[in-house]
Amino acid sequence: MKFIAADIFNVPDIGSGLSAQNTQGHAVPLSEIGRLEQLKGQVSVIHASRLFHLFTEVQQEELAHRLGALVSQRPGSMICGLHIGRSEAGDIDD
C-alpha cells in the first residue's frame, strides 16, 4: 500500500492529459509514482466515505470530477463510500 499526501483541489493537470503512462503506453510502476496527478486514469477503486459534506456544493461537484479523473476506464473500476443526504439541498449550519 502506498499513500500520497495531496490536496486534490490543488493538483495540477488532473483534468487534462497528464497520466501515469510512459511514452510506450505502459503504466508506470506504483513504486515510481510520487504525485497524485500521475495516477490519472489508473486507479481501480477509490473509497471516499463521509467526505463530501466537508465542502460546499460547488466544491463537492469539483471533487467528484477530480476523483472521476483518477478512475480507470477498465471494467470494474469504481468509486464507493458511505454518505448521508437530505431531501432538501443546502448547507447545514451546525
# chains A, B, ... in the order shown; residues from 1 in each chain; ligands from 1
call {"tool": "select_by_dssp", "arguments": {"residues": "stretch 15-85 of chain A", "states": "strand (DSSP E)", "output": "count of residues only"}}
result
6
call {"tool": "select_by_dssp", "arguments": {"residues": "stretch 18-92 of chain A", "states": "helix (DSSP H, G or I)", "output": "list in words"}}
result
Leu30, Ser31, Glu32, Leu36, Glu37, Gln38, Leu39, Phe52, His53, Leu54, Glu57, Val58, Gln59, Gln60, Glu61, Glu62, Leu63, Ala64, His65, Arg66, Leu67, Gly68, Ala69 and Leu70 of chain A
call {"tool": "atom_distance", "arguments": {"atom1": "atom CA of A:Ala89", "atom2": "atom CA of A:His47"}}
result
23.6 Å
call {"tool": "residues_around", "arguments": {"residues": "stretch 71-83 of chain A", "least_positions_apart": "4", "cutoff": "7 Å", "atoms": "only C-alpha atoms", "output": "list in words"}}
result
Lys40, Gly41, Gln42, Val43, Ser44, Val45, Ile46, His47, Ala48, Ser49, Arg50 and Leu67 of chain A
call {"tool": "closest_residue", "arguments": {"among": "A:Leu30, A:Ala64, A:Ala69, A:Met1", "to": "A:Asp13", "atoms": "only C-alpha atoms"}}
result
A:Ala69
call {"tool": "closest_residue", "arguments": {"among": "A:Arg35, A:Ile14, A:Leu51, A:Asp7", "to": "A:Ile84", "atoms": "only C-alpha atoms"}}
result
A:Leu51
call {"tool": "atom_distance", "arguments": {"atom1": "atom CA of A:Ile4", "atom2": "atom CA of A:Ser31"}}
result
11.3 Å
call {"tool": "atom_distance", "arguments": {"atom1": "atom CA of A:Gln59", "atom2": "atom CA of A:Gln38"}}
result
21.9 Å
